[in-house]
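Notes for the one structure printed next.
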Amino acid sequence: MKRLAVFASGNGSNFQSIADAIKDGVLNAEICLVVCDREDAYVLERARLENIRTFSFSAKKYASKVEFETEILGILRQLEVEFIILAGYMRLIGPTLLQAYSHRIVNIHPSLLPNFPGKDAIGQAFDARVEETGVTIHYVDDGMDTGPIIAQKTVPILAGDTKDILQIRIQETEHGMYPSVLQQLFQKK
Ligand code: GAR
């Protein structure tokens, strides 16, 4: 059983899909910690309901990324966390965590990378009027949504779609995909 920390910044629906897959016995892991860079994010309420420990912080209260990542690393080590799972964590991971968790940080991104990296990938694809977009799960490196790709799934953009409808279809894909890709990955590692 792999020991995970989930990093998130917002709603936490991907955190929820991972927590649910663990409860359903389809993902052999334990979420030891949720790390959140917004003290009012709904993911913190979700974690509380699941009885999962949280660490929330405001980056502004630290002198540097090294300083808050060093504090996070201390908690990850104390909890013997093996993998960092990014689930809507809207912040670049710095060298402190990248070195400590080399090839053990995974991200999900709502586009077919390398297309539409960064913020609002769903809106970017919608506005570009491409016929299809999708979801990418990848290892994290020091770039913005650039690390080695683990898995991708295509999601069509249909006539009559609004951005909101597309977002629902992409998030449904994410929720099915993230737990099963993690399970396959953990079986290999
Ligand atoms: C997800 O769609 C995830 O792919 C995206 O943020 C959303 C978080 O939703 N991540 C990125 O854009 C990373 N560059 P959630 O909080 O409901 O899981």
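Labels for the structure tokens follow display order: chains A, B, ..., residues from 1 in each chain, ligands from 1.
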Which neighbours of A:Gln78 fall inside 12 Å, counting only C-alpha atoms, when residues of the same chain fewer than 6 positions from it are skipped, and could you give them as a list in words? Arg3, Ala5, Cys32, Leu33, Glu71 and Ile72 of chain A
Generate the output file for the selected residues, C-alpha atoms, as a PDB file, in the first residue's frame.
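Resulting contents of part37.pdb:
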```pdb
ATOM      1  CA  ARG A   3       1.449   6.308   1.212  1.00  0.00           C
ATOM      2  CA  ALA A   5       0.066  13.182  -0.087  1.00  0.00           C
ATOM      3  CA  CYS A  32      -1.831  10.504   4.656  1.00  0.00           C
ATOM      4  CA  LEU A  33      -2.027  14.225   4.029  1.00  0.00           C
ATOM      5  CA  GLU A  71       8.198  22.833   6.063  1.00  0.00           C
ATOM      6  CA  ILE A  72       5.994  20.594   3.881  1.00  0.00           C
TER       7      ILE A  72
END
```
Chain A near ligand 1 within 8 Å: what's each residue's closest atom pair and its distance in Å to one decimal, counting only C-alpha atoms and all ligand atoms, ordered by chain then ascending residue number, as CSV?
```
residue,atom,partner,partner_atom_place_in_ligand_line,distance
A:Ala8,CA,ligand 1,16 (O),6.3
A:Ser9,CA,ligand 1,16 (O),6.5
A:Gly10,CA,ligand 1,16 (O),4.5
A:Asn11,CA,ligand 1,16 (O),3.9
A:Gly12,CA,ligand 1,16 (O),3.5
A:Ser13,CA,ligand 1,17 (O),3.6
A:Asn14,CA,ligand 1,18 (O),3.7
A:Phe15,CA,ligand 1,18 (O),5.9
A:Gln16,CA,ligand 1,18 (O),7.7
A:Val43,CA,ligand 1,16 (O),7.0
A:Leu86,CA,ligand 1,13 (C),8.0
A:Ala87,CA,ligand 1,18 (O),5.2
A:Gly88,CA,ligand 1,6 (O),3.6
A:Tyr89,CA,ligand 1,13 (C),6.3
A:Met90,CA,ligand 1,13 (C),5.9
A:Asn107,CA,ligand 1,13 (C),7.1
A:Ile108,CA,ligand 1,4 (O),4.9
A:His109,CA,ligand 1,4 (O),3.9
A:Pro110,CA,ligand 1,4 (O),4.3
A:Ser111,CA,ligand 1,4 (O),7.9
A:Pro117,CA,ligand 1,14 (N),6.6
A:Gly118,CA,ligand 1,14 (N),5.1
A:Lys119,CA,ligand 1,12 (O),5.5
A:Asp120,CA,ligand 1,12 (O),6.3
A:Ala121,CA,ligand 1,12 (O),6.2
A:Val135,CA,ligand 1,4 (O),7.2
A:Met144,CA,ligand 1,14 (N),7.5
A:Asp145,CA,ligand 1,14 (N),6.2
A:Gln167,CA,ligand 1,2 (O),7.7
A:Ile170,CA,ligand 1,2 (O),7.2
A:Gln171,CA,ligand 1,2 (O),5.7
A:Glu174,CA,ligand 1,4 (O),7.0
```
With only C-alpha atoms as the counted atoms, please give the residues lying no more than 12 Å from A:Gln183, apart from itself and same-chain residues fewer than 6 positions off, as number ranges by chain. A: 1-2, 18, 21-22, 25-30, 176-177, 189
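Of the residues in stretch 64-130 of chain A, those given alpha helix (DSSP H) by DSSP on the backbone are A:Lys65, A:Val66, A:Glu67, A:Phe68, A:Glu69, A:Thr70, A:Glu71, A:Ile72, A:Leu73, A:Gly74, A:Ile75, A:Leu76, A:Arg77, A:Gln78, A:Pro95, A:Thr96, A:Leu97, A:Leu98, A:Gln99, A:Ala100, A:Ala121, A:Ile122, A:Gly123, A:Gln124, A:Ala125, A:Phe126, A:Asp127.
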If you keep N, CA and C atoms, can you produce a file of those selected residues as a compact mmCIF listing (two decimals), in the first residue's frame?
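result_32.txt, written as the output of this step:
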```txt
# COMPACT_ATOMS: atom_id res chain seq x y z
N LYS A 65 9.66 30.09 -1.64
CA LYS A 65 9.14 28.73 -1.89
C LYS A 65 9.97 27.69 -1.14
N VAL A 66 11.29 27.91 -1.08
CA VAL A 66 12.16 26.97 -0.35
C VAL A 66 11.67 26.85 1.09
N GLU A 67 11.29 27.98 1.66
CA GLU A 67 10.89 27.96 3.07
C GLU A 67 9.60 27.14 3.28
N PHE A 68 8.56 27.37 2.44
CA PHE A 68 7.33 26.59 2.72
C PHE A 68 7.48 25.14 2.26
N GLU A 69 8.24 24.91 1.20
CA GLU A 69 8.42 23.51 0.77
C GLU A 69 9.26 22.72 1.79
N THR A 70 10.18 23.40 2.47
CA THR A 70 10.98 22.72 3.50
C THR A 70 10.08 22.30 4.66
N GLU A 71 9.14 23.18 5.00
CA GLU A 71 8.20 22.83 6.06
C GLU A 71 7.31 21.65 5.63
N ILE A 72 6.83 21.70 4.39
CA ILE A 72 5.99 20.59 3.88
C ILE A 72 6.81 19.30 3.87
N LEU A 73 8.05 19.38 3.41
CA LEU A 73 8.90 18.17 3.33
C LEU A 73 9.07 17.53 4.71
N GLY A 74 9.19 18.37 5.73
CA GLY A 74 9.31 17.84 7.09
C GLY A 74 8.09 16.99 7.46
N ILE A 75 6.91 17.46 7.09
CA ILE A 75 5.67 16.72 7.42
C ILE A 75 5.60 15.45 6.57
N LEU A 76 5.97 15.55 5.28
CA LEU A 76 5.92 14.37 4.41
C LEU A 76 6.84 13.27 4.96
N ARG A 77 8.01 13.67 5.44
CA ARG A 77 8.97 12.68 5.98
C ARG A 77 8.44 12.07 7.27
N GLN A 78 7.87 12.93 8.09
CA GLN A 78 7.32 12.44 9.37
C GLN A 78 6.21 11.41 9.11
N PRO A 95 12.58 23.06 -6.32
CA PRO A 95 13.66 22.07 -6.21
C PRO A 95 13.67 21.29 -4.90
N THR A 96 13.19 21.89 -3.83
CA THR A 96 13.21 21.18 -2.53
C THR A 96 12.41 19.88 -2.62
N LEU A 97 11.19 19.96 -3.14
CA LEU A 97 10.35 18.76 -3.23
C LEU A 97 10.74 17.91 -4.44
N LEU A 98 11.16 18.56 -5.54
CA LEU A 98 11.53 17.78 -6.74
C LEU A 98 12.70 16.85 -6.45
N GLN A 99 13.69 17.36 -5.70
CA GLN A 99 14.86 16.52 -5.40
C GLN A 99 14.49 15.40 -4.43
N ALA A 100 13.68 15.73 -3.44
CA ALA A 100 13.33 14.72 -2.42
C ALA A 100 12.41 13.64 -2.99
N ALA A 121 -6.81 25.39 -19.04
CA ALA A 121 -6.53 24.59 -20.24
C ALA A 121 -7.81 24.24 -20.99
N ILE A 122 -8.91 24.08 -20.25
CA ILE A 122 -10.18 23.74 -20.90
C ILE A 122 -10.68 24.93 -21.72
N GLY A 123 -10.62 26.12 -21.15
CA GLY A 123 -10.99 27.34 -21.87
C GLY A 123 -10.08 27.59 -23.06
N GLN A 124 -8.80 27.33 -22.87
CA GLN A 124 -7.85 27.52 -23.99
C GLN A 124 -8.23 26.63 -25.18
N ALA A 125 -8.54 25.36 -24.90
CA ALA A 125 -8.88 24.41 -25.98
C ALA A 125 -10.22 24.79 -26.61
N PHE A 126 -11.17 25.19 -25.76
CA PHE A 126 -12.49 25.57 -26.26
C PHE A 126 -12.37 26.78 -27.19
N ASP A 127 -11.62 27.79 -26.75
CA ASP A 127 -11.48 29.02 -27.55
C ASP A 127 -10.69 28.77 -28.84
```
Using DSSP assignments from the backbone, pull out every residue in stretch 69-163 of chain A that falls under strand (DSSP E or B) and give it to me as number ranges by chain. A: 83-86, 105-109, 132-139, 149-156
So that I have them on file, write out the residues from the current selection with N, CA and C atoms, as a JSON list (two decimals), in the first residue's frame.
```json
[["chain", "number", "residue", "atom", "x", "y", "z"],
["A", 83, "PHE", "N", 4.58, 9.10, -2.32],
["A", 83, "PHE", "CA", 4.26, 9.77, -3.58],
["A", 83, "PHE", "C", 3.50, 11.07, -3.31],
["A", 84, "ILE", "N", 3.82, 12.09, -4.10],
["A", 84, "ILE", "CA", 3.05, 13.34, -4.08],
["A", 84, "ILE", "C", 2.14, 13.32, -5.31],
["A", 85, "ILE", "N", 0.84, 13.46, -5.08],
["A", 85, "ILE", "CA", -0.15, 13.43, -6.17],
["A", 85, "ILE", "C", -0.75, 14.83, -6.29],
["A", 86, "LEU", "N", -0.46, 15.50, -7.40],
["A", 86, "LEU", "CA", -1.02, 16.84, -7.62],
["A", 86, "LEU", "C", -2.41, 16.69, -8.23],
["A", 105, "ILE", "N", 6.46, 12.39, -8.11],
["A", 105, "ILE", "CA", 5.43, 13.43, -8.10],
["A", 105, "ILE", "C", 4.67, 13.31, -9.42],
["A", 106, "VAL", "N", 3.34, 13.18, -9.32],
["A", 106, "VAL", "CA", 2.49, 12.95, -10.49],
["A", 106, "VAL", "C", 1.46, 14.08, -10.55],
["A", 107, "ASN", "N", 1.15, 14.52, -11.78],
["A", 107, "ASN", "CA", 0.16, 15.59, -11.97],
["A", 107, "ASN", "C", -0.90, 15.16, -12.97],
["A", 108, "ILE", "N", -2.09, 15.73, -12.83],
["A", 108, "ILE", "CA", -3.13, 15.56, -13.85],
["A", 108, "ILE", "C", -3.41, 16.94, -14.45],
["A", 109, "HIS", "N", -3.56, 16.96, -15.77],
["A", 109, "HIS", "CA", -3.78, 18.24, -16.45],
["A", 109, "HIS", "C", -4.89, 18.07, -17.49],
["A", 132, "GLU", "N", -10.78, 18.12, -30.65],
["A", 132, "GLU", "CA", -10.67, 17.29, -29.46],
["A", 132, "GLU", "C", -9.61, 17.83, -28.52],
["A", 133, "THR", "N", -9.83, 17.55, -27.26],
["A", 133, "THR", "CA", -8.83, 17.88, -26.24],
["A", 133, "THR", "C", -8.71, 16.63, -25.36],
["A", 134, "GLY", "N", -8.44, 16.75, -24.07],
["A", 134, "GLY", "CA", -8.33, 15.52, -23.29],
["A", 134, "GLY", "C", -7.72, 15.74, -21.93],
["A", 135, "VAL", "N", -7.14, 14.66, -21.43],
["A", 135, "VAL", "CA", -6.55, 14.65, -20.09],
["A", 135, "VAL", "C", -5.17, 13.99, -20.18],
["A", 136, "THR", "N", -4.22, 14.58, -19.47],
["A", 136, "THR", "CA", -2.86, 14.01, -19.41],
["A", 136, "THR", "C", -2.47, 13.78, -17.96],
["A", 137, "ILE", "N", -1.88, 12.62, -17.69],
["A", 137, "ILE", "CA", -1.26, 12.35, -16.39],
["A", 137, "ILE", "C", 0.23, 12.20, -16.64],
["A", 138, "HIS", "N", 1.03, 12.95, -15.87],
["A", 138, "HIS", "CA", 2.47, 12.97, -16.16],
["A", 138, "HIS", "C", 3.29, 13.15, -14.89],
["A", 139, "TYR", "N", 4.57, 12.73, -14.98],
["A", 139, "TYR", "CA", 5.51, 13.03, -13.90],
["A", 139, "TYR", "C", 5.82, 14.52, -13.92],
["A", 149, "ILE", "N", 5.20, 11.97, -19.94],
["A", 149, "ILE", "CA", 3.78, 11.59, -19.93],
["A", 149, "ILE", "C", 3.60, 10.12, -19.54],
["A", 150, "ILE", "N", 2.66, 9.87, -18.65],
["A", 150, "ILE", "CA", 2.34, 8.51, -18.21],
["A", 150, "ILE", "C", 1.13, 7.99, -18.99],
["A", 151, "ALA", "N", 0.10, 8.81, -19.13],
["A", 151, "ALA", "CA", -1.13, 8.37, -19.82],
["A", 151, "ALA", "C", -1.89, 9.58, -20.35],
["A", 152, "GLN", "N", -2.60, 9.37, -21.46],
["A", 152, "GLN", "CA", -3.46, 10.42, -22.02],
["A", 152, "GLN", "C", -4.77, 9.81, -22.48],
["A", 153, "LYS", "N", -5.83, 10.59, -22.40],
["A", 153, "LYS", "CA", -7.13, 10.17, -22.92],
["A", 153, "LYS", "C", -7.74, 11.35, -23.68],
["A", 154, "THR", "N", -8.29, 11.05, -24.85],
["A", 154, "THR", "CA", -8.89, 12.09, -25.68],
["A", 154, "THR", "C", -10.34, 12.33, -25.27],
["A", 155, "VAL", "N", -10.74, 13.60, -25.29],
["A", 155, "VAL", "CA", -12.14, 13.98, -25.05],
["A", 155, "VAL", "C", -12.57, 14.84, -26.24],
["A", 156, "PRO", "N", -13.63, 14.44, -26.96],
["A", 156, "PRO", "CA", -14.04, 15.24, -28.11],
["A", 156, "PRO", "C", -14.71, 16.54, -27.68]]
```
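The gap separating atom CA of A:Phe7 from atom CA of A:Ile52 is 12.6 Å, in Å to one decimal.
Minimum atom-to-atom distance to A:Ser180, evaluated using only C-alpha atoms, belongs to A:Asp20 out of A:Asp20, A:Lys60, A:Ile165, A:Leu4.
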How far is it from atom CA of A:Arg169 to atom CA of A:Ser56, in Å with one decimal? 29.3 Å
